[in-house]
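Structure data (mmCIF, C-alpha atoms and all ligand atoms) from protein-v7.cif:
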data_start
loop_
_atom_site.label_atom_id
_atom_site.label_comp_id
_atom_site.auth_asym_id
_atom_site.auth_seq_id
_atom_site.Cartn_x
_atom_site.Cartn_y
_atom_site.Cartn_z
CA MET C 23 0.00 0.00 0.00
CA THR C 24 1.53 3.33 -1.10
CA GLU C 25 1.50 6.02 1.56
CA ILE C 26 2.13 9.69 0.70
CA ARG C 27 3.90 11.83 3.28
CA VAL C 28 4.94 15.47 3.43
CA LEU C 29 8.66 15.60 4.25
CA THR C 30 10.04 17.92 6.89
CA ASP C 31 13.33 16.30 7.86
CA GLU C 32 16.49 17.38 5.96
CA ALA C 33 17.88 13.84 5.66
CA GLN C 34 14.65 12.74 4.02
CA CYS C 35 14.69 15.76 1.68
CA ARG C 36 18.19 14.76 0.61
CA ALA C 37 17.02 11.17 0.01
CA HIS C 38 14.09 12.64 -1.98
CA HIS C 39 16.49 14.62 -4.14
CA GLY C 40 18.73 11.60 -4.66
CA LEU C 41 15.79 9.40 -5.62
CA PHE C 42 14.58 11.94 -8.16
CA ARG C 43 18.06 12.23 -9.68
CA ARG C 44 18.41 8.44 -9.91
CA ALA C 45 15.03 8.26 -11.68
CA MET C 46 16.44 10.73 -14.23
CA HIS C 47 19.62 8.61 -14.56
CA TRP C 48 21.69 11.31 -12.85
CA SER C 49 24.00 10.79 -9.89
CA PRO C 50 23.10 12.17 -6.44
CA ALA C 51 24.32 15.65 -5.51
CA GLU C 52 27.69 15.92 -3.74
CA ASP C 53 27.76 17.50 -0.26
CA ASP C 54 28.74 20.99 -1.48
CA LYS C 55 25.96 21.00 -4.07
CA TRP C 56 23.44 19.77 -1.52
CA GLU C 57 24.26 22.79 0.69
CA ILE C 58 22.76 24.94 -2.08
CA ILE C 59 20.00 22.59 -3.20
CA ARG C 60 18.64 22.20 0.35
CA GLN C 61 17.55 25.86 0.15
CA THR C 62 15.04 24.83 -2.53
CA TYR C 63 13.17 22.52 -0.15
CA GLU C 64 10.45 24.83 1.16
CA PRO C 65 8.48 23.61 4.20
CA GLY C 66 5.29 21.73 3.38
CA ARG C 67 5.92 21.50 -0.36
CA THR C 68 7.70 18.15 -0.66
CA HIS C 69 5.78 14.92 -1.11
CA ALA C 70 7.25 11.42 -1.06
CA ALA C 71 5.65 8.05 -1.63
CA PHE C 72 6.52 5.26 0.79
CA GLU C 73 6.10 1.50 0.60
CA GLY C 74 6.53 0.62 4.27
CA ASP C 75 9.64 2.51 5.35
CA GLU C 76 11.10 2.74 1.86
CA MET C 77 10.85 5.95 -0.14
CA VAL C 78 9.85 5.04 -3.70
CA GLY C 79 8.57 8.24 -5.33
CA THR C 80 8.99 12.01 -5.20
CA THR C 81 7.44 15.30 -6.19
CA GLN C 82 7.77 18.88 -5.01
CA THR C 83 6.43 22.35 -5.72
CA PHE C 84 7.94 25.82 -5.65
CA GLY C 85 5.62 28.69 -4.79
CA CYS C 86 5.66 31.69 -7.13
CA SER C 87 3.31 33.70 -9.41
CA MET C 88 2.27 33.44 -13.04
CA VAL C 89 0.94 35.94 -15.57
CA VAL C 90 -2.35 35.06 -17.25
CA PRO C 91 -3.80 36.54 -20.47
CA GLY C 92 -4.74 40.15 -19.78
CA GLY C 93 -1.80 40.68 -17.42
CA ALA C 94 -3.16 39.59 -14.03
CA VAL C 95 -0.67 37.76 -11.83
CA VAL C 96 -1.93 34.74 -9.86
CA PRO C 97 -0.33 32.44 -7.27
CA HIS C 98 1.30 29.51 -9.06
CA ALA C 99 2.87 26.20 -8.08
CA ALA C 100 5.88 25.08 -10.13
CA VAL C 101 5.83 21.28 -9.95
CA SER C 102 9.20 19.61 -10.12
CA ARG C 103 11.40 16.66 -9.08
CA VAL C 104 8.90 14.01 -10.12
CA GLY C 105 10.45 10.57 -10.01
CA VAL C 106 9.62 6.99 -9.09
CA ARG C 107 12.24 4.42 -8.16
CA ALA C 108 12.85 2.23 -11.20
CA ASP C 109 11.87 -0.96 -9.36
CA TYR C 110 8.48 0.55 -8.42
CA THR C 111 7.30 2.10 -11.72
CA ARG C 112 3.90 1.34 -13.29
CA ARG C 113 2.32 0.40 -9.97
CA GLY C 114 0.43 3.63 -9.42
CA VAL C 115 3.06 5.46 -7.31
CA LEU C 116 3.02 8.62 -9.44
CA SER C 117 -0.79 8.52 -9.58
CA ALA C 118 -0.93 8.48 -5.77
CA LEU C 119 1.58 11.35 -5.54
CA MET C 120 -0.26 13.47 -8.11
CA ARG C 121 -3.66 12.93 -6.47
CA GLU C 122 -2.31 13.99 -3.08
CA GLN C 123 -0.36 16.94 -4.44
CA LEU C 124 -3.31 18.28 -6.42
CA SER C 125 -5.75 17.93 -3.55
CA THR C 126 -3.47 19.89 -1.19
CA LEU C 127 -2.27 22.70 -3.48
CA SER C 128 -3.17 26.18 -2.26
CA GLU C 129 -2.39 27.80 -5.65
CA PRO C 130 -5.15 27.91 -8.29
CA VAL C 131 -2.78 26.83 -11.07
CA ALA C 132 0.24 24.55 -11.42
CA THR C 133 2.66 24.01 -14.27
CA LEU C 134 5.48 21.61 -14.98
CA ARG C 135 7.93 20.52 -17.68
CA ALA C 136 7.27 16.98 -18.86
CA SER C 137 10.06 14.51 -19.56
CA GLU C 138 7.62 12.61 -21.79
CA GLY C 139 4.39 13.70 -23.47
CA ARG C 140 2.17 10.85 -22.27
CA ILE C 141 2.65 11.18 -18.52
CA TYR C 142 0.64 14.15 -17.27
CA GLY C 143 -2.55 14.50 -19.34
CA ARG C 144 -4.28 11.92 -17.16
CA PHE C 145 -3.67 14.19 -14.15
CA GLY C 146 -5.29 17.17 -15.90
CA TYR C 147 -2.14 18.88 -17.22
CA GLY C 148 -2.54 20.21 -20.76
CA LEU C 149 0.17 21.26 -23.17
CA ALA C 150 -0.28 25.02 -22.88
CA GLY C 151 2.87 26.61 -24.27
CA ARG C 152 5.59 25.78 -26.78
CA VAL C 153 8.96 27.35 -27.40
CA ARG C 154 11.17 27.76 -30.47
CA PHE C 155 14.80 26.78 -30.36
CA LEU C 156 16.60 29.29 -32.60
CA ARG C 157 19.99 29.06 -34.27
CA ILE C 158 21.46 32.38 -35.39
CA ASP C 159 24.26 32.65 -37.92
CA ALA C 160 26.33 35.15 -35.95
CA ARG C 161 28.81 35.78 -38.78
CA LYS C 162 26.03 37.11 -41.01
CA ALA C 163 23.85 38.68 -38.31
CA VAL C 164 23.95 42.41 -39.00
CA ILE C 165 21.70 44.76 -37.03
CA PRO C 166 21.66 48.19 -38.68
CA GLY C 167 22.22 51.27 -36.54
CA SER C 168 23.82 51.94 -33.19
CA PRO C 169 22.84 51.05 -29.65
CA VAL C 170 20.92 53.74 -27.77
CA GLY C 171 21.87 52.62 -24.25
CA ARG C 172 24.92 51.14 -22.58
CA VAL C 173 25.86 47.47 -22.07
CA ARG C 174 28.32 46.61 -19.29
CA MET C 175 29.84 43.31 -18.20
CA VAL C 176 29.30 42.40 -14.53
CA ASP C 177 31.33 39.96 -12.43
CA PRO C 178 29.64 36.90 -10.85
CA ASP C 179 29.39 38.44 -7.36
CA THR C 180 27.72 41.53 -8.76
CA SER C 181 25.33 39.55 -10.94
CA ASP C 182 24.37 37.35 -7.95
CA LYS C 183 23.22 40.48 -6.12
CA LEU C 184 21.89 42.45 -9.07
CA LEU C 185 19.94 39.94 -11.18
CA PRO C 186 17.22 38.89 -8.70
CA GLU C 187 16.27 42.54 -8.15
CA LEU C 188 16.59 43.45 -11.81
CA HIS C 189 14.49 40.46 -12.90
CA THR C 190 11.75 41.52 -10.49
CA ALA C 191 11.95 45.14 -11.66
CA ILE C 192 11.73 44.10 -15.33
CA GLY C 193 8.52 42.23 -14.53
CA LEU C 194 6.64 39.47 -16.28
CA ASP C 195 5.54 40.26 -19.81
CA ARG C 196 3.94 37.26 -21.50
CA PRO C 197 1.23 34.85 -20.32
CA GLY C 198 2.95 31.88 -18.74
CA GLN C 199 5.89 33.88 -17.36
CA ILE C 200 6.54 33.12 -13.69
CA SER C 201 8.29 34.97 -10.89
CA ARG C 202 11.48 33.49 -9.44
CA TRP C 203 11.78 32.25 -5.86
CA PRO C 204 14.93 32.55 -3.67
CA GLY C 205 15.77 28.84 -4.18
CA TRP C 206 15.66 29.34 -7.96
CA TRP C 207 18.39 31.92 -7.76
CA ALA C 208 20.42 29.70 -5.39
CA ILE C 209 20.34 26.88 -7.96
CA HIS C 210 21.07 29.30 -10.79
CA GLN C 211 24.14 30.53 -8.96
CA GLU C 212 25.25 26.94 -8.32
CA ARG C 213 24.90 26.15 -12.05
CA LYS C 214 26.90 29.23 -12.85
CA GLY C 215 29.72 27.86 -10.69
CA ALA C 216 29.69 24.76 -12.88
CA ALA C 217 29.86 26.86 -16.05
CA GLU C 218 32.88 28.99 -15.33
CA ASN C 219 32.67 30.69 -18.70
CA LEU C 220 29.21 32.09 -18.03
CA VAL C 221 29.20 35.83 -18.73
CA THR C 222 26.52 38.33 -17.72
CA VAL C 223 26.02 41.77 -19.22
CA VAL C 224 23.53 44.38 -18.03
CA HIS C 225 21.86 47.05 -20.13
CA SER C 226 21.06 50.54 -18.89
CA GLY C 227 18.80 53.06 -20.54
CA PRO C 228 17.74 56.57 -19.51
CA ASP C 229 15.99 55.22 -16.38
CA GLY C 230 18.79 52.90 -15.24
CA ASP C 231 19.27 49.13 -15.58
CA ASP C 232 16.56 47.60 -17.73
CA GLY C 233 17.84 44.32 -19.19
CA PHE C 234 20.43 41.58 -18.91
CA VAL C 235 21.68 38.52 -20.71
CA SER C 236 23.82 35.61 -19.46
CA TYR C 237 25.61 33.48 -22.03
CA LYS C 238 28.51 31.13 -22.50
CA VAL C 239 30.59 30.37 -25.58
CA SER C 240 32.14 26.98 -26.25
CA GLU C 241 34.50 25.82 -28.96
CA ASP C 242 34.29 22.46 -30.72
CA LYS C 243 37.07 20.37 -32.25
CA ASP C 244 36.73 22.28 -35.56
CA PHE C 245 37.21 25.62 -33.73
CA LYS C 246 33.56 26.52 -34.26
CA HIS C 247 32.38 28.83 -31.48
CA THR C 248 28.80 28.47 -30.30
CA MET C 249 27.08 30.78 -27.86
CA GLU C 250 24.31 29.42 -25.64
CA ILE C 251 22.05 32.07 -24.17
CA GLU C 252 21.18 30.95 -20.66
CA ASP C 253 19.05 33.80 -19.39
CA PHE C 254 17.69 36.90 -21.10
CA ALA C 255 15.28 39.54 -19.83
CA TRP C 256 14.49 43.05 -20.97
CA ALA C 257 12.05 45.75 -19.95
CA ASN C 258 11.69 47.55 -23.28
CA ALA C 259 12.50 47.27 -27.00
CA ASP C 260 15.67 49.41 -26.74
CA ALA C 261 17.18 47.09 -24.14
CA TRP C 262 16.27 44.03 -26.21
CA ARG C 263 17.79 45.48 -29.41
CA ASP C 264 20.93 46.82 -27.72
CA LEU C 265 21.62 43.47 -26.05
CA TRP C 266 21.25 41.70 -29.42
CA ILE C 267 23.63 44.23 -31.00
CA TYR C 268 26.13 43.40 -28.27
CA LEU C 269 25.70 39.63 -28.71
CA THR C 270 25.96 39.64 -32.50
CA ARG C 271 29.00 41.93 -32.57
CA LEU C 272 31.10 39.76 -30.22
CA ASP C 273 34.30 38.38 -31.69
CA LEU C 274 34.85 34.64 -32.09
CA VAL C 275 31.19 33.60 -32.21
CA ASP C 276 29.92 31.61 -35.20
CA GLU C 277 26.49 30.60 -34.02
CA ILE C 278 24.08 31.66 -31.27
CA HIS C 279 21.49 29.33 -29.70
CA VAL C 280 18.49 30.74 -27.86
CA ASP C 281 14.98 29.72 -26.84
CA ALA C 282 12.27 32.18 -27.87
CA ALA C 283 8.50 32.55 -27.96
CA LEU C 284 6.74 31.25 -31.09
CA ASP C 285 6.03 34.84 -32.16
CA ASP C 286 9.35 36.38 -31.10
CA PRO C 287 10.14 39.13 -33.66
CA LEU C 288 13.90 38.50 -33.55
CA ASN C 289 14.38 37.91 -37.31
CA TRP C 290 13.12 41.47 -38.00
CA LEU C 291 16.16 42.91 -36.19
CA PHE C 292 18.55 41.70 -38.86
CA GLU C 293 19.28 42.98 -42.37
CA ASP C 294 18.92 39.40 -43.54
CA PRO C 295 15.99 37.75 -41.72
CA ARG C 296 17.28 34.30 -42.75
CA VAL C 297 20.12 34.45 -40.24
CA VAL C 298 17.52 33.30 -37.68
CA TYR C 299 16.69 29.67 -38.22
CA THR C 300 14.09 27.73 -36.20
CA LYS C 301 15.83 24.47 -35.42
CA ASP C 302 13.05 22.99 -33.32
CA VAL C 303 9.73 23.71 -31.64
CA TYR C 304 9.12 21.83 -28.43
CA ASP C 305 6.54 21.72 -25.67
CA GLN C 306 7.36 23.80 -22.64
CA ILE C 307 4.44 24.66 -20.33
CA TRP C 308 2.16 21.86 -19.10
CA LEU C 309 -0.61 23.62 -17.19
CA ARG C 310 -3.10 22.32 -14.61
CA LEU C 311 -6.09 24.48 -13.70
CA VAL C 312 -6.48 23.59 -10.04
CA ASP C 313 -9.26 26.08 -9.33
CA VAL C 314 -11.14 26.44 -12.62
CA PRO C 315 -13.65 29.14 -11.53
CA ARG C 316 -10.86 31.31 -10.12
CA MET C 317 -8.62 30.88 -13.15
CA LEU C 318 -11.41 31.55 -15.64
CA THR C 319 -12.23 34.81 -13.90
CA ALA C 320 -8.52 35.77 -13.58
CA ARG C 321 -7.91 36.16 -17.33
CA THR C 322 -9.47 38.50 -19.88
CA TYR C 323 -11.27 37.55 -23.09
CA GLY C 324 -11.54 38.75 -26.66
CA VAL C 325 -14.61 40.03 -28.45
CA ALA C 326 -17.20 37.43 -29.50
CA GLU C 327 -20.66 36.21 -28.57
CA PRO C 328 -20.66 34.39 -25.18
CA VAL C 329 -20.02 30.65 -25.15
CA VAL C 330 -20.98 28.15 -22.42
CA ILE C 331 -18.24 25.63 -21.69
CA GLU C 332 -18.79 22.47 -19.68
CA VAL C 333 -15.64 21.37 -17.85
CA ARG C 334 -15.02 17.80 -16.67
CA ASP C 335 -12.40 17.10 -14.03
CA GLU C 336 -12.18 13.58 -12.65
CA LEU C 337 -9.50 14.33 -10.05
CA LEU C 338 -10.91 17.62 -8.73
CA PRO C 339 -14.71 17.34 -9.18
CA ALA C 340 -15.31 20.76 -7.59
CA ASN C 341 -14.28 22.12 -11.00
CA ASP C 342 -17.03 20.17 -12.83
CA GLY C 343 -19.74 22.35 -14.29
CA CYS C 344 -20.70 24.91 -16.90
CA TYR C 345 -19.05 28.32 -17.30
CA ARG C 346 -20.32 31.16 -19.46
CA VAL C 347 -17.40 33.00 -21.03
CA SER C 348 -17.95 36.42 -22.58
CA PRO C 349 -15.89 39.57 -23.27
CA ASP C 350 -16.91 40.71 -19.74
CA GLY C 351 -15.45 37.63 -18.00
CA ALA C 352 -16.50 34.16 -16.89
CA GLU C 353 -19.13 32.90 -14.46
CA ARG C 354 -20.59 29.58 -13.41
CA VAL C 355 -24.02 28.90 -14.95
CA GLU C 356 -26.45 26.08 -15.48
CA GLY C 357 -26.24 24.39 -18.89
CA PRO C 358 -26.83 23.73 -21.67
CA ALA C 359 -23.23 23.88 -22.85
CA ASP C 360 -21.94 24.74 -26.31
CA ILE C 361 -18.65 22.92 -25.76
CA THR C 362 -17.66 20.05 -23.47
CA ILE C 363 -13.98 19.88 -22.58
CA SER C 364 -11.73 18.05 -20.10
CA VAL C 365 -9.74 20.10 -17.60
CA GLU C 366 -6.57 18.92 -19.38
CA LEU C 367 -7.64 20.49 -22.69
CA LEU C 368 -9.00 23.61 -21.01
CA GLY C 369 -5.45 23.94 -19.64
CA ALA C 370 -4.15 23.61 -23.20
CA VAL C 371 -6.26 26.52 -24.50
CA TYR C 372 -5.99 28.68 -21.37
CA LEU C 373 -2.85 30.67 -22.34
CA GLY C 374 -3.88 30.91 -26.00
CA ASP C 375 -1.29 28.53 -27.48
CA THR C 376 -3.97 26.09 -28.73
CA LYS C 377 -7.37 26.77 -30.31
CA PHE C 378 -10.71 25.11 -29.57
CA SER C 379 -11.20 24.62 -33.33
CA ASP C 380 -7.94 22.65 -33.56
CA LEU C 381 -9.01 20.39 -30.69
CA ALA C 382 -12.41 19.93 -32.39
CA ALA C 383 -10.72 19.07 -35.71
CA ALA C 384 -8.68 16.45 -33.86
CA LYS C 385 -11.93 15.10 -32.31
CA ARG C 386 -10.64 15.88 -28.83
CA ILE C 387 -13.64 18.05 -27.82
CA GLU C 388 -17.33 18.04 -28.64
CA GLY C 389 -19.87 20.74 -29.29
CA SER C 390 -20.28 23.78 -31.49
CA ARG C 391 -19.38 27.48 -31.75
CA PHE C 392 -15.63 26.77 -31.70
CA ASP C 393 -14.85 29.94 -33.69
CA GLU C 394 -16.45 32.11 -31.01
CA ALA C 395 -14.53 30.24 -28.30
CA ASP C 396 -11.30 30.75 -30.30
CA ALA C 397 -11.98 34.50 -30.50
CA LEU C 398 -12.73 34.73 -26.77
CA PHE C 399 -9.58 32.87 -25.72
CA ALA C 400 -7.25 34.43 -28.35
CA VAL C 401 -4.18 36.23 -26.97
CA PRO C 402 -2.13 38.96 -28.70
CA VAL C 403 1.22 37.40 -27.70
CA ALA C 404 2.25 33.76 -27.53
CA PRO C 405 2.86 32.30 -24.07
CA LEU C 406 6.37 31.67 -22.83
CA CYS C 407 8.04 30.79 -19.56
CA SER C 408 11.66 31.87 -19.56
CA THR C 409 12.30 30.53 -16.05
CA PHE C 410 13.37 26.91 -16.16
CA PHE C 411 12.56 24.74 -13.15
C1 LIG G 501 7.26 8.95 -15.18
C2 LIG G 501 7.19 8.25 -13.85
C3 LIG G 501 7.24 9.29 -12.73
C4 LIG G 501 5.84 7.50 -13.77
O1 LIG G 501 5.68 6.93 -12.49
P1 LIG G 501 4.79 5.59 -12.29
O2 LIG G 501 4.70 5.37 -10.82
O3 LIG G 501 5.34 4.50 -13.12
O4 LIG G 501 3.41 6.04 -12.86
P2 LIG G 501 2.01 5.29 -12.56
O5 LIG G 501 2.26 3.85 -12.29
O6 LIG G 501 1.26 6.05 -11.53
O7 LIG G 501 1.35 5.47 -13.98
C5 LIG G 501 0.10 6.05 -14.21
C6 LIG G 501 -0.25 5.85 -15.65
O8 LIG G 501 0.65 6.61 -16.46
C7 LIG G 501 1.28 5.75 -17.41
N1 LIG G 501 2.65 6.21 -17.52
C8 LIG G 501 3.47 6.50 -16.51
N2 LIG G 501 4.66 6.89 -16.99
C9 LIG G 501 4.58 6.84 -18.32
C10 LIG G 501 5.48 7.11 -19.36
N3 LIG G 501 6.73 7.52 -19.10
N4 LIG G 501 5.05 6.95 -20.63
C11 LIG G 501 3.80 6.54 -20.87
N5 LIG G 501 2.89 6.25 -19.93
C12 LIG G 501 3.28 6.41 -18.66
C13 LIG G 501 1.18 4.37 -16.82
O9 LIG G 501 1.26 3.38 -17.80
C14 LIG G 501 -0.15 4.40 -16.13
O10 LIG G 501 -1.18 4.21 -17.08
P3 LIG G 501 -2.49 3.34 -16.76
O11 LIG G 501 -3.12 4.01 -15.56
O12 LIG G 501 -3.29 3.47 -17.99
O13 LIG G 501 -1.99 1.99 -16.46
C15 LIG G 501 8.33 7.23 -13.65
O14 LIG G 501 8.27 6.29 -14.70
C16 LIG G 501 9.71 7.87 -13.63
O15 LIG G 501 10.21 8.21 -12.58
N6 LIG G 501 10.33 8.02 -14.81
C17 LIG G 501 11.70 8.54 -14.94
C18 LIG G 501 11.83 9.98 -14.43
C19 LIG G 501 10.86 10.93 -15.12
O16 LIG G 501 10.68 10.89 -16.32
N7 LIG G 501 10.25 11.76 -14.29
C20 LIG G 501 9.32 12.76 -14.77
C21 LIG G 501 10.01 14.07 -14.83
S1 LIG G 501 8.96 15.30 -15.55
#
Could you take the file, read its structure, and then write that structure out as structure tokens?
Amino acid sequence: MTEIRVLTDEAQCRAHHGLFRRAMHWSPAEDDKWEIIRQTYEPGRTHAAFEGDEMVGTTQTFGCSMVVPGGAVVPHAAVSRVGVRADYTRRGVLSALMREQLSTLSEPVATLRASEGRIYGRFGYGLAGRVRFLRIDARKAVIPGSPVGRVRMVDPDTSDKLLPELHTAIGLDRPGQISRWPGWWAIHQERKGAAENLVTVVHSGPDGDDGFVSYKVSEDKDFKHTMEIEDFAWANADAWRDLWIYLTRLDLVDEIHVDAALDDPLNWLFEDPRVVYTKDVYDQIWLRLVDVPRMLTARTYGVAEPVVIEVRDELLPANDGCYRVSPDGAERVEGPADITISVELLGAVYLGDTKFSDLAAAKRIEGSRFDEADALFAVPVAPLCSTFF
């Protein structure tokens, strides 16, 4: 019989971390790394599955906030460190963990990154945001004109102090963006220690610091230099453009790799838009609406005739019911419904990455008036989460 417990003891949190890493085929953290990682174990947020006295499964959340369409910011749980010991998989351990975690979450929405696409739909997580992996031909990347602000290199100690504040000041722009918690920065700083060649530059405009980028450049056996952009945030278009001017004018860089939103306008910066090549598009945000009424009222809607949507949620039946969505907002109503949808697929359309009409074409939802629902849920910018967890 699988028992789910909330961990409080540090030794058990370390065992939790080690179990998760083993499930991912990684080795456990050394003592010095653990000193940093332990800061990410917030009280009350760590679940473990036990068979008798043996820990066999793990999951954890980090508390932060997320932007929803329209710009409101809501409490958000970042779900992470999901793993089941290899000799206990496919016996319902993850199912027990997910049920317990979902029923005890205080945040109205949770997101995660999925190692595989077939794991989380059954727990009500929908694929809500994708990201483009871009490859930029740095040798041909010419941005006309001059920078308008100033870019300065900062040393690691300065960036450790400066970036958390600057990231908060820059704010969260797109739906799906999340705030960063103290443990996130602790881990980020630990990773930076591992990548000694990580460089951070900060941009300042007329009102002070308003953007930063962290990157590293590596050289392969053919002397090709590739830059990986690790972290990038900007408060305005001048900061974004100036930082790209800096990056593309660096010596000894052949290619730049960066993750960007599906609608990122980056190619328009360059004289030759073909220097930006989309190498891949992959799923990023898996979103679970934990409190459907609260989340439907948190976001704004486009202009269209109202639509009544019936939501079905097997794990959290309090969400079951009909919701009338109109340009003025959303409210619970009695039926009849125009569209019937699972909570997983409502999660998929929530940030605007997926359309009702596409789900209908794929026979994943039933009903009518999909065009009106598409117009109501449409967003002007594609979702993105630039904070990895
Ligand atoms: C993914 C993982 C957590 C699943 O744990 P688990 O205890 O085996 O999951 P459960 O037994 O509760 O499975 C529930 C259902 O999901 C299915 N499922 C679970 N993992 C799956 C996977 N990787 N691919 C496809 N289906 C999967 C099961 O077949 C089962 O389906 P059923 O109810 O129709 O029989 C576990 O296999 C694991 O630790 N994998 C390696 C680490 C990893 O990928 N972690 C996730 C990081 S995001």
Name all residues at most 10 Å from Asp286 in chain C (count all atoms listed in the file; drop same-chain ones fewer than 2 positions away) and give them as a compact mmCIF listing (two decimals) with C-alpha atoms, keeping the file's coordinate frame.
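As a result, selection-v7.txt now contains:
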# COMPACT_ATOMS: atom_id res chain seq x y z
CA VAL C 153 8.96 27.35 -27.40
CA ARG C 154 11.17 27.76 -30.47
CA ASP C 281 14.98 29.72 -26.84
CA ALA C 282 12.27 32.18 -27.87
CA ALA C 283 8.50 32.55 -27.96
CA LEU C 284 6.74 31.25 -31.09
CA LEU C 288 13.90 38.50 -33.55
CA ASN C 289 14.38 37.91 -37.31
CA TRP C 290 13.12 41.47 -38.00
CA VAL C 403 1.22 37.40 -27.70
CA ALA C 404 2.25 33.76 -27.53
CA LEU C 406 6.37 31.67 -22.83
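In this model, the gap between CA of Val224 in chain C and CA of Val176 in chain C comes to 7.0 Å.
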Could you name the residues that touch Arg174 in chain C at 9 Å or less, counting only C-alpha atoms, but leaving out those on the same chain fewer than 3 positions away, as a ChimeraX atom specification? /C:222-226
At a cut-off of 12 Å from (26.5, 41.2, -27.0) in the coordinates of the file, what residues are picked up using all atoms listed in the file, written as a ChimeraX atom specification? /C:160,163,165,169,172-175,221-225,234-239,249,251,254,261-275,278
Protein and nucleic residues near ligand LIG 501 (chain G), 7 Å, all atoms listed in the file, as JSON, numbers by chain: {"C": [45, 46, 102, 103, 104, 105, 106, 107, 108, 110, 111, 112, 113, 114, 115, 116, 117, 118, 135, 136, 137, 138, 140, 141]}
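Atom pair CA of Val298 in chain C / CA of Val280 in chain C: separated by 10.2 Å.
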Distance table requested - range 40-136 of chain C against range 359-367 of chain C, cut-off 12 Å, only C-alpha atoms: one row per qualifying residue with the closest atom pair and its distance in Å to one decimal, ordered by chain and rising residue number, as JSON lines.
{"residue": "C:Val131", "atom": "CA", "partner": "C:Val365", "partner_atom": "CA", "distance": 11.7}
{"residue": "C:Ala132", "atom": "CA", "partner": "C:Glu366", "partner_atom": "CA", "distance": 11.9}
{"residue": "C:Thr133", "atom": "CA", "partner": "C:Glu366", "partner_atom": "CA", "distance": 11.7}
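Reported to one decimal place, the separation of CA of Gly143 in chain C from CA of Leu398 in chain C is 23.8 Å.
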Edge lengths and centre, in Å to one decimal, as AutoDock Vina command-line options: that's what I need for the box along x, y and z that holds all listed atoms of range 91-110 of chain C plus 5 Å on each side.
--center_x 4.1 --center_y 19.9 --center_z -13.9 --size_x 27.6 --size_y 51.6 --size_z 23.2
Thr62 in chain C surroundings by only C-alpha atoms, 8 Å radius, close-in-sequence under 4 positions cut, as an mmCIF file with C-alpha atoms, keeping the file's coordinate frame:
data_model
loop_
_atom_site.group_PDB
_atom_site.id
_atom_site.type_symbol
_atom_site.label_atom_id
_atom_site.label_comp_id
_atom_site.auth_asym_id
_atom_site.auth_seq_id
_atom_site.Cartn_x
_atom_site.Cartn_y
_atom_site.Cartn_z
ATOM 1 C CA ILE C 58 22.760 24.940 -2.080
ATOM 2 C CA PHE C 84 7.940 25.820 -5.650
ATOM 3 C CA PRO C 204 14.930 32.550 -3.670
ATOM 4 C CA GLY C 205 15.770 28.840 -4.180
ATOM 5 C CA TRP C 206 15.660 29.340 -7.960
ATOM 6 C CA ALA C 208 20.420 29.700 -5.390
ATOM 7 C CA ILE C 209 20.340 26.880 -7.960
#
Restricting to only C-alpha atoms, whichever of C:His38, C:Lys246, C:Arg296, C:Arg43 is closest to Asp159 in chain C is C:Arg296
Could you build a table of the residues in range 60-152 of chain C lying no more than 9 Å from range 337-356 of chain C, giving for each the nearest pair of atoms and their separation in Å rounded to one decimal place, using all atoms listed in the file, ordered by chain and ascending residue number, as a tab-separated table?
residue	atom	partner	partner_atom	distance
C:Arg121	CA	C:Leu337	CA	7.0
C:Leu124	CA	C:Leu338	CA	8.0
C:Ser125	CA	C:Leu338	CA	7.3
C:Phe145	CA	C:Leu337	CA	7.1
C:Gly146	CA	C:Leu337	CA	7.7
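Compared by their closest atoms to Asp375 in chain C, and using only C-alpha atoms, the residues C:Leu149, C:Met317, C:Val164, C:Leu134 rank with C:Leu149 nearest.
If all atoms listed in the file are the atoms counted, then among C:Gly227, C:Gly40, C:Pro358, C:Gly148 the closest residue to Trp256 in chain C is C:Gly227.
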Could you check the closest approach to Asp393 in chain C for each of C:Glu32, C:Val325, C:Ala370, C:Leu127 and tell me which residue wins, using all atoms listed in the file? C:Val325
Restricting the calculation to all atoms listed in the file: of C:Thr322, C:Ser379, C:Gln306, C:Thr190, which residue gets closest to Tyr147 in chain C? C:Gln306
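Counting all atoms listed in the file, the residue from C:Phe42, C:Trp48, C:Phe411, C:Phe155 that sits nearest to Tyr299 in chain C is C:Phe155.
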Contacts of range 372-374 of chain C at 9 Å or less, counting only C-alpha atoms, minus same-chain residues fewer than 4 places along, as number ranges by chain? C: 90-91, 150-151, 197-198, 309, 311, 317-318, 321, 367-368, 396, 399-405
Any chance you could export the current selection's C-alpha atoms as a short mmCIF file (atom, residue, chain, number, x, y, z; two decimals), keeping the file's coordinate frame?
data_model
loop_
_atom_site.label_atom_id
_atom_site.label_comp_id
_atom_site.auth_asym_id
_atom_site.auth_seq_id
_atom_site.Cartn_x
_atom_site.Cartn_y
_atom_site.Cartn_z
CA VAL C 90 -2.35 35.06 -17.25
CA PRO C 91 -3.80 36.54 -20.47
CA ALA C 150 -0.28 25.02 -22.88
CA GLY C 151 2.87 26.61 -24.27
CA PRO C 197 1.23 34.85 -20.32
CA GLY C 198 2.95 31.88 -18.74
CA LEU C 309 -0.61 23.62 -17.19
CA LEU C 311 -6.09 24.48 -13.70
CA MET C 317 -8.62 30.88 -13.15
CA LEU C 318 -11.41 31.55 -15.64
CA ARG C 321 -7.91 36.16 -17.33
CA LEU C 367 -7.64 20.49 -22.69
CA LEU C 368 -9.00 23.61 -21.01
CA ASP C 396 -11.30 30.75 -30.30
CA PHE C 399 -9.58 32.87 -25.72
CA ALA C 400 -7.25 34.43 -28.35
CA VAL C 401 -4.18 36.23 -26.97
CA PRO C 402 -2.13 38.96 -28.70
CA VAL C 403 1.22 37.40 -27.70
CA ALA C 404 2.25 33.76 -27.53
CA PRO C 405 2.86 32.30 -24.07
#
